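A.B. asks: Got a file for you: run10.cif, mmCIF, C-alpha atoms.
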```
data_start
#
loop_
_atom_site.label_atom_id
_atom_site.label_comp_id
_atom_site.auth_asym_id
_atom_site.auth_seq_id
_atom_site.Cartn_x
_atom_site.Cartn_y
_atom_site.Cartn_z
CA MET A 1 0.00 0.00 0.00
CA ALA A 2 1.37 3.44 -0.94
CA GLN A 3 2.03 5.88 1.88
CA ALA A 4 -0.29 8.86 2.17
CA ALA A 5 1.17 12.11 0.92
CA THR A 6 2.63 14.40 3.56
CA PRO A 7 0.32 17.39 4.16
CA ARG A 8 1.58 20.68 2.74
CA PHE A 9 1.53 22.21 6.22
CA ALA A 10 3.26 19.78 8.59
CA GLY A 11 6.54 19.00 10.32
CA ILE A 12 9.04 21.47 11.74
CA VAL A 13 7.99 25.05 11.00
CA PRO A 14 10.10 27.56 12.96
CA PRO A 15 8.50 30.92 13.79
CA LEU A 16 11.29 33.29 12.81
CA VAL A 17 12.42 36.35 14.72
CA THR A 18 12.12 39.75 13.11
CA PRO A 19 15.57 41.38 13.21
CA PHE A 20 15.56 45.12 13.90
CA ASP A 21 18.42 47.54 13.40
CA ALA A 22 19.38 50.36 15.77
CA ASP A 23 16.62 52.58 14.29
CA GLU A 24 14.03 49.82 14.74
CA ASN A 25 13.72 49.22 11.02
CA ILE A 26 13.73 45.68 9.58
CA ASP A 27 17.32 44.41 9.22
CA VAL A 28 16.82 42.84 5.81
CA GLU A 29 20.20 41.15 5.51
CA ALA A 30 19.95 39.62 8.99
CA LEU A 31 16.50 38.29 8.11
CA ARG A 32 17.73 36.78 4.87
CA GLY A 33 20.59 35.13 6.73
CA GLU A 34 18.28 33.56 9.29
CA ILE A 35 15.93 32.25 6.60
CA ARG A 36 18.82 30.72 4.65
CA PHE A 37 20.13 29.05 7.81
CA HIS A 38 16.77 27.43 8.53
CA LEU A 39 16.39 26.22 4.96
CA THR A 40 19.87 24.70 5.10
CA VAL A 41 19.04 22.54 8.12
CA GLY A 42 15.94 21.13 6.44
CA VAL A 43 12.90 22.72 8.07
CA HIS A 44 9.54 21.93 6.51
CA GLY A 45 8.15 25.47 6.43
CA LEU A 46 8.71 29.02 7.64
CA CYS A 47 6.45 31.11 9.85
CA VAL A 48 7.04 34.87 9.96
CA THR A 49 5.45 37.80 11.83
CA GLY A 50 4.08 35.62 14.61
CA SER A 51 4.65 36.32 18.29
CA THR A 52 8.27 35.10 18.08
CA GLY A 53 8.58 37.59 15.24
CA ASP A 54 7.06 40.44 17.28
CA GLY A 55 4.11 40.42 14.90
CA GLN A 56 1.95 42.45 17.27
CA MET A 57 4.45 45.31 16.94
CA LEU A 58 4.68 45.35 13.14
CA SER A 59 2.94 47.78 10.83
CA ILE A 60 1.30 46.39 7.72
CA ASP A 61 4.25 47.60 5.63
CA GLN A 62 6.76 45.91 7.93
CA SER A 63 4.77 42.68 7.91
CA VAL A 64 4.68 42.73 4.12
CA THR A 65 8.44 43.38 3.93
CA VAL A 66 9.23 40.42 6.17
CA ALA A 67 6.84 38.13 4.30
CA ARG A 68 8.14 39.19 0.90
CA ILE A 69 11.71 38.38 1.90
CA ALA A 70 10.66 34.97 3.25
CA VAL A 71 8.81 34.16 0.03
CA GLU A 72 11.79 35.23 -2.05
CA GLU A 73 14.25 33.16 -0.04
CA ALA A 74 12.04 30.08 0.20
CA ALA A 75 11.47 30.19 -3.57
CA GLY A 76 8.76 27.56 -3.29
CA ALA A 77 10.95 25.01 -1.51
CA VAL A 78 8.80 25.17 1.64
CA PRO A 79 5.54 26.97 2.44
CA VAL A 80 5.63 30.39 4.06
CA ILE A 81 3.04 31.11 6.76
CA ALA A 82 2.52 34.74 7.81
CA GLY A 83 1.19 35.62 11.25
CA ILE A 84 -1.44 38.26 11.94
CA ILE A 85 -2.05 39.46 15.51
CA ARG A 86 -4.82 42.08 15.36
CA ASP A 87 -8.02 42.81 17.20
CA SER A 88 -10.68 43.24 14.56
CA THR A 89 -11.87 41.15 11.65
CA ALA A 90 -11.43 44.09 9.28
CA GLU A 91 -7.80 44.63 10.31
CA VAL A 92 -6.96 40.94 9.95
CA ILE A 93 -8.45 40.92 6.46
CA ARG A 94 -6.58 44.11 5.54
CA TYR A 95 -3.27 42.56 6.62
CA GLY A 96 -4.19 39.26 4.98
CA LEU A 97 -4.88 40.80 1.59
CA ALA A 98 -1.59 42.70 1.70
CA LEU A 99 0.31 39.53 2.64
CA LYS A 100 -1.44 37.60 -0.12
CA GLU A 101 -0.01 40.04 -2.65
CA VAL A 102 3.55 38.94 -1.85
CA GLY A 103 2.72 35.26 -2.21
CA VAL A 104 2.50 33.76 1.28
CA ASP A 105 1.00 30.27 1.36
CA ALA A 106 -1.14 30.65 4.49
CA LEU A 107 -2.01 32.94 7.38
CA GLN A 108 -1.60 32.20 11.08
CA VAL A 109 -4.28 34.19 12.89
CA THR A 110 -4.88 34.74 16.60
CA PRO A 111 -8.40 35.21 17.92
CA VAL A 112 -9.27 38.76 18.86
CA HIS A 113 -8.47 39.28 22.50
CA TYR A 114 -8.19 42.89 23.67
CA LEU A 115 -10.57 43.19 26.64
CA PHE A 116 -13.12 40.76 25.25
CA GLN A 117 -13.62 37.33 23.74
CA PRO A 118 -16.35 36.65 21.18
CA ASP A 119 -18.76 33.77 21.70
CA GLU A 120 -18.42 30.50 19.78
CA ASP A 121 -20.61 31.37 16.80
CA THR A 122 -18.87 34.73 16.34
CA THR A 123 -15.44 33.08 16.56
CA VAL A 124 -16.44 30.60 13.84
CA GLU A 125 -17.72 33.48 11.71
CA TYR A 126 -14.48 35.42 12.33
CA TYR A 127 -12.38 32.67 10.78
CA ARG A 128 -14.93 32.08 8.02
CA ARG A 129 -14.81 35.74 6.94
CA ILE A 130 -11.01 35.79 6.98
CA THR A 131 -10.66 32.71 4.77
CA GLU A 132 -13.40 33.77 2.38
CA GLN A 133 -12.26 37.38 1.96
CA THR A 134 -8.51 36.72 1.73
CA GLY A 135 -8.77 33.48 -0.24
CA LEU A 136 -5.85 32.07 1.77
CA PRO A 137 -5.64 29.00 4.01
CA VAL A 138 -5.65 29.89 7.71
CA ILE A 139 -4.06 28.24 10.73
CA ILE A 140 -5.69 29.18 14.04
CA TYR A 141 -3.07 30.52 16.46
CA ASN A 142 -4.54 29.54 19.82
CA VAL A 143 -2.14 31.31 22.15
CA ILE A 144 -3.81 34.11 24.10
CA PRO A 145 -3.87 32.85 27.73
CA TYR A 146 -7.04 34.69 28.75
CA ALA A 147 -8.80 34.10 25.42
CA LEU A 148 -7.98 30.51 24.52
CA ILE A 149 -10.49 29.05 22.11
CA PRO A 150 -11.89 25.85 23.67
CA ALA A 151 -10.88 22.60 21.97
CA THR A 152 -14.50 21.94 21.02
CA THR A 153 -14.70 25.28 19.20
CA VAL A 154 -11.37 24.74 17.44
CA TYR A 155 -12.62 21.36 16.26
CA ARG A 156 -15.82 22.93 14.99
CA ILE A 157 -13.96 25.67 13.08
CA ILE A 158 -11.63 23.19 11.39
CA GLN A 159 -14.52 20.92 10.43
CA GLU A 160 -16.92 23.66 9.29
CA VAL A 161 -14.69 26.31 7.67
CA PRO A 162 -13.04 24.87 4.54
CA GLY A 163 -10.25 27.43 4.46
CA VAL A 164 -9.02 26.67 7.99
CA VAL A 165 -6.28 24.07 7.50
CA GLY A 166 -5.09 23.61 11.07
CA VAL A 167 -4.37 24.98 14.50
CA LYS A 168 -1.24 25.92 16.37
CA GLN A 169 -2.11 24.96 19.93
CA SER A 170 -0.02 27.06 22.28
CA GLY A 171 -0.44 28.71 25.65
CA GLY A 172 1.30 25.88 27.53
CA ASN A 173 -1.88 23.83 27.55
CA ILE A 174 -1.03 20.18 26.88
CA HIS A 175 -4.51 19.20 28.11
CA GLN A 176 -6.28 21.16 25.38
CA LEU A 177 -3.77 19.84 22.85
CA ALA A 178 -4.58 16.29 23.98
CA ASP A 179 -8.30 16.99 23.63
CA LEU A 180 -7.80 18.27 20.08
CA LEU A 181 -5.67 15.29 19.07
CA ARG A 182 -8.20 12.87 20.54
CA ALA A 183 -10.96 14.58 18.56
CA ALA A 184 -8.76 14.15 15.45
CA PRO A 185 -10.21 16.79 13.11
CA THR A 186 -10.26 15.38 9.60
CA GLU A 187 -9.74 18.59 7.67
CA GLY A 188 -6.60 20.07 9.23
CA VAL A 189 -3.33 19.52 11.03
CA VAL A 190 -2.81 20.09 14.76
CA PHE A 191 0.55 21.77 15.40
CA THR A 192 1.99 21.80 18.88
CA ALA A 193 3.51 24.91 20.43
CA VAL A 194 3.88 23.46 23.92
CA ASP A 195 7.66 23.73 23.83
CA ASP A 196 8.59 21.60 26.81
CA LEU A 197 6.42 18.74 25.55
CA LEU A 198 7.13 18.56 21.83
CA TYR A 199 8.08 14.88 21.93
CA PRO A 200 4.97 13.72 23.83
CA ALA A 201 2.83 15.83 21.49
CA TYR A 202 4.23 14.00 18.47
CA LEU A 203 3.46 10.67 20.17
CA LEU A 204 -0.11 11.84 20.74
CA GLY A 205 -0.44 12.58 17.04
CA ALA A 206 0.58 16.22 16.50
CA GLY A 207 1.32 16.81 12.84
CA GLY A 208 4.27 19.06 13.56
CA ALA A 209 5.33 22.07 15.60
CA ILE A 210 5.44 25.83 15.22
CA SER A 211 7.22 26.97 18.37
CA ALA A 212 10.07 29.11 19.62
CA THR A 213 12.46 26.25 20.43
CA LEU A 214 12.46 25.37 16.72
CA THR A 215 13.80 28.83 15.97
CA VAL A 216 16.63 28.60 18.50
CA VAL A 217 17.89 25.13 17.51
CA PRO A 218 16.11 24.05 14.32
CA GLN A 219 18.61 21.33 13.48
CA LEU A 220 17.96 19.51 16.76
CA CYS A 221 14.22 19.82 16.26
CA VAL A 222 14.41 18.42 12.73
CA GLU A 223 16.49 15.52 14.06
CA GLN A 224 13.89 14.84 16.75
CA TRP A 225 11.02 14.94 14.28
CA ASP A 226 12.86 12.54 11.96
CA ALA A 227 13.63 10.21 14.88
CA VAL A 228 9.96 10.06 15.90
CA ARG A 229 8.92 9.37 12.32
CA ALA A 230 11.50 6.58 12.14
CA GLY A 231 10.40 5.06 15.45
CA ASP A 232 13.74 5.85 17.08
CA HIS A 233 12.34 6.88 20.45
CA LYS A 234 15.63 6.66 22.30
CA THR A 235 17.07 9.42 20.10
CA ALA A 236 13.85 11.44 20.31
CA LEU A 237 13.82 11.28 24.11
CA ASP A 238 17.51 12.18 24.30
CA ILE A 239 16.84 15.27 22.17
CA HIS A 240 13.83 16.14 24.34
CA ASN A 241 16.13 16.23 27.37
CA ARG A 242 18.57 18.47 25.51
CA LEU A 243 15.85 20.84 24.34
CA LEU A 244 14.16 21.26 27.72
CA PRO A 245 16.87 23.45 29.37
CA ILE A 246 16.93 25.67 26.29
CA TRP A 247 13.21 26.33 26.52
CA ARG A 248 13.44 26.99 30.26
CA ALA A 249 16.17 29.57 29.59
CA VAL A 250 14.37 31.53 26.86
CA ASP A 251 10.81 31.27 28.21
CA GLY A 252 9.42 34.27 30.06
CA PRO A 253 8.92 38.02 29.64
CA ASN A 254 10.65 39.64 26.67
CA MET A 255 11.11 36.20 25.13
CA THR A 256 11.99 37.46 21.68
CA VAL A 257 15.09 39.28 22.90
CA ARG A 258 16.14 36.16 24.82
CA ILE A 259 15.81 34.15 21.63
CA LYS A 260 17.89 36.69 19.74
CA ALA A 261 20.57 36.40 22.43
CA ALA A 262 20.57 32.61 21.95
CA LEU A 263 20.99 33.07 18.20
CA ARG A 264 23.86 35.50 18.70
CA MET A 265 25.68 33.02 20.94
CA GLN A 266 25.50 30.50 18.09
CA GLY A 267 26.98 32.96 15.59
CA ARG A 268 23.66 33.91 14.01
CA ASN A 269 22.25 37.41 13.61
CA GLY A 270 18.71 37.82 14.88
CA GLY A 271 19.11 41.58 15.04
CA LEU A 272 18.07 43.81 17.90
CA GLY A 273 14.87 43.94 19.92
CA ALA A 274 12.39 46.79 19.52
CA HIS A 275 11.49 49.19 22.33
CA PRO A 276 9.96 48.74 24.88
CA LEU A 277 11.21 45.14 25.14
CA THR A 278 13.61 44.89 28.08
CA PRO A 279 17.18 43.99 27.05
CA VAL A 280 18.55 40.64 28.22
CA SER A 281 20.26 40.85 31.59
CA ALA A 282 23.66 39.39 32.41
CA ALA A 283 22.01 36.68 34.51
CA GLU A 284 19.70 35.73 31.64
CA GLU A 285 22.64 35.63 29.22
CA THR A 286 24.47 33.28 31.59
CA ALA A 287 21.45 30.99 31.87
CA ILE A 288 20.91 30.87 28.10
CA ARG A 289 24.57 30.11 27.43
CA ALA A 290 24.59 27.35 30.06
CA ALA A 291 21.51 25.77 28.48
CA LEU A 292 23.05 25.81 25.01
CA VAL A 293 26.23 24.23 26.41
CA GLU A 294 24.20 21.57 28.22
CA ALA A 295 22.38 20.82 24.97
CA GLY A 296 25.68 20.35 23.16
CA VAL A 297 25.01 23.30 20.85
CA LEU A 298 27.88 25.43 22.23
CA ALA A 299 31.32 24.42 23.39
CA GLU A 300 31.80 24.88 27.13
#
```
Give the structure from this file in structure tokens form.

C.D. replies:
Amino acid sequence: MAQAATPRFAGIVPPLVTPFDADENIDVEALRGEIRFHLTVGVHGLCVTGSTGDGQMLSIDQSVTVARIAVEEAAGAVPVIAGIIRDSTAEVIRYGLALKEVGVDALQVTPVHYLFQPDEDTTVEYYRRITEQTGLPVIIYNVIPYALIPATTVYRIIQEVPGVVGVKQSGGNIHQLADLLRAAPTEGVVFTAVDDLLYPAYLLGAGGAISATLTVVPQLCVEQWDAVRAGDHKTALDIHNRLLPIWRAVDGPNMTVRIKAALRMQGRNGGLGAHPLTPVSAAEETAIRAALVEAGVLAE
């Protein structure tokens, strides 16, 4: 019997940082360098302008610039997913249409969340309008801690809205991820973004990951994914134990600048953080470096 084709959106999809220069403009060359690095290590897709990419801080023009560069560098080798973090249906559609013009393959869209959370029917309609009016596939980005979409609603959206092709289940909620995987929606992929439990999520049936750890050490994450697919659980568990200290070191407030510090320690250029993100402290730098050494990514 022939194997089923791998879904277009699946596997290891790092959410890239957005490098800024000293004037808080997009550092185009740093961004191109990061994209090329990820492609070299064999990732299965690229996600830009998400929360790891400070998407909530980006203007529509900046978002388009980042997405255009990703599309150019990927050159069709892997899909490019562009994040939108806005608080009205109209704004999401406006961003989505602009991102469509530069050729992104899908959108990753948070629910609206500023001071309110729509009811279930309105949330379904929100994603329906976005897919219908942009004409692009959408991945639900279920990350907002105080506005998480319940697993039952996510399932309903994926089953009822043809343009919704999956969900990135984040927010540190392995229980909701487990509920989604048990429900097994037939029309879309469930990505994990529970960074300290990537390996268990794959065992439960997650179709891939879009999470910050993938951005810091994509080669290790690709190796883990390949090991799970090959049934080599000893290797997968060993990598899990190497990844865990890295996540613990970068997790927390101002995470994107911590991630950029981790990239810099590995000789990569993630650029600067944008104000008002708090710069990484000396103690945080020490913890990040120690985690990378423990993982075998840096020499001691």

A.B. asks: Starting from the shown file, work through the PyMOL selection byres ((chain A and resi 64) around 9) and note down what comes out as a list in words.

C.D. replies: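 Output of the PyMOL selection byres ((chain A and resi 64) around 9): Ser59, Ile60, Asp61, Gln62, Ser63, Thr65, Val66, Ala67, Arg68, Ile69, Tyr95, Ala98, Leu99, Glu101 and Val102 of chain A.
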
A.B. asks: Need to verify the contact set: region 227-240 of chain A, 8 Å, only C-alpha atoms, exclusion of same-chain residues closer than 2 positions in sequence. Can you return it as number ranges by chain?

C.D. replies: A: 196-199, 202-203, 220-221, 223-225, 242-244

A.B. asks: Evaluated on this file, the PyMOL selection byres ((chain A and resi 79) around 7) picks out some residues - which ones are they, written as a PDB file with C-alpha atoms, keeping the file's coordinate frame?

C.D. replies:
```pdb
ATOM      1  CA  GLY A  45       8.150  25.470   6.430  1.00  0.00           C
ATOM      2  CA  LEU A  46       8.710  29.020   7.640  1.00  0.00           C
ATOM      3  CA  GLY A  76       8.760  27.560  -3.290  1.00  0.00           C
ATOM      4  CA  ALA A  77      10.950  25.010  -1.510  1.00  0.00           C
ATOM      5  CA  VAL A  78       8.800  25.170   1.640  1.00  0.00           C
ATOM      6  CA  VAL A  80       5.630  30.390   4.060  1.00  0.00           C
ATOM      7  CA  ILE A  81       3.040  31.110   6.760  1.00  0.00           C
ATOM      8  CA  ASP A 105       1.000  30.270   1.360  1.00  0.00           C
TER       9      ASP A 105
END
```

A.B. asks: My list of candidates is A:Trp247, A:Phe9, A:Tyr141, A:Phe20. Which is closest to Leu292 (chain A) when distances are computed with only C-alpha atoms?

C.D. replies: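 Once distances to Leu292 (chain A) are computed over only C-alpha atoms, the minimum belongs to A:Trp247.
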
A.B. asks: Report, in Å to a single decimal, how far apart CA of Ser51 (chain A) and CA of Asp195 (chain A) are.

C.D. replies: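 Atom-to-atom, CA of Asp195 (chain A) to CA of Ser51 (chain A), that is 14.1 Å.
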
A.B. asks: What does the distance between CA of Tyr114 (chain A) and CA of Leu214 (chain A) come to in Å, to one decimal place?

C.D. replies: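 It comes out at 28.0 Å.
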
A.B. asks: One decimal, Å: what's the distance from CA of Glu91 (chain A) over to CA of Leu115 (chain A), could you say?

C.D. replies: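 Straight-line distance from CA of Glu91 (chain A) to CA of Leu115 (chain A) works out to 16.6 Å.
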
A.B. asks: Skipping near chain neighbours, those fewer than 2 positions away, what residues fall within 9 Å of Glu160 (chain A) using all atoms listed in the file, listed as a ChimeraX atom specification?

C.D. replies: /A:124,128,155-158,162,164,187

A.B. asks: Would you please work out which residue, of A:Pro111, A:Gly205, A:Gly96, A:Pro200, is nearest to Arg182 (chain A) when using all atoms listed in the file?

C.D. replies: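 For Arg182 (chain A), the nearest of the given residues is A:Gly205.
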
A.B. asks: Can you turn the PyMOL selection byres ((chain A and resi 261) around 9) into a concrete residue list for this file, as a count of residues only?

C.D. replies: 15

A.B. asks: Measuring atom to atom with all atoms listed in the file, identify which of A:Ala249, A:Leu107, A:Ile130, A:Thr49 is nearest to Thr89 (chain A).

C.D. replies: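 Ranking A:Ala249, A:Leu107, A:Ile130, A:Thr49 by distance to Thr89 (chain A), first place goes to A:Ile130.
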
A.B. asks: Counting all atoms listed in the file, which of A:Val194, A:Ala82, A:Ala183, A:Ala283 gets nearest to Thr153 (chain A)?

C.D. replies: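 Nearest candidate to Thr153 (chain A) out of A:Val194, A:Ala82, A:Ala183, A:Ala283: A:Ala183.
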
A.B. asks: Which is closer to Gly83 (chain A) than all the others in A:Thr215, A:Gln133, A:Thr123, A:Asn142, using only C-alpha atoms?

C.D. replies: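 Residue with the minimum atom-to-atom distance to Gly83 (chain A): A:Asn142.
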
A.B. asks: Choose the residue, out of A:Ile93, A:Val48, A:Ala151, A:Ala209, that has the smallest atom-to-atom separation from Pro185 (chain A); count all atoms listed in the file.

C.D. replies: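 Among the listed residues, A:Ala151 lies closest to Pro185 (chain A).
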
A.B. asks: Counting all atoms listed in the file, what is within 9 Å of Gly207 (chain A), bar same-chain residues fewer than 6 positions away, as an MDAnalysis selection string?

C.D. replies: chainID A and resid 7 9:11 189:192 201
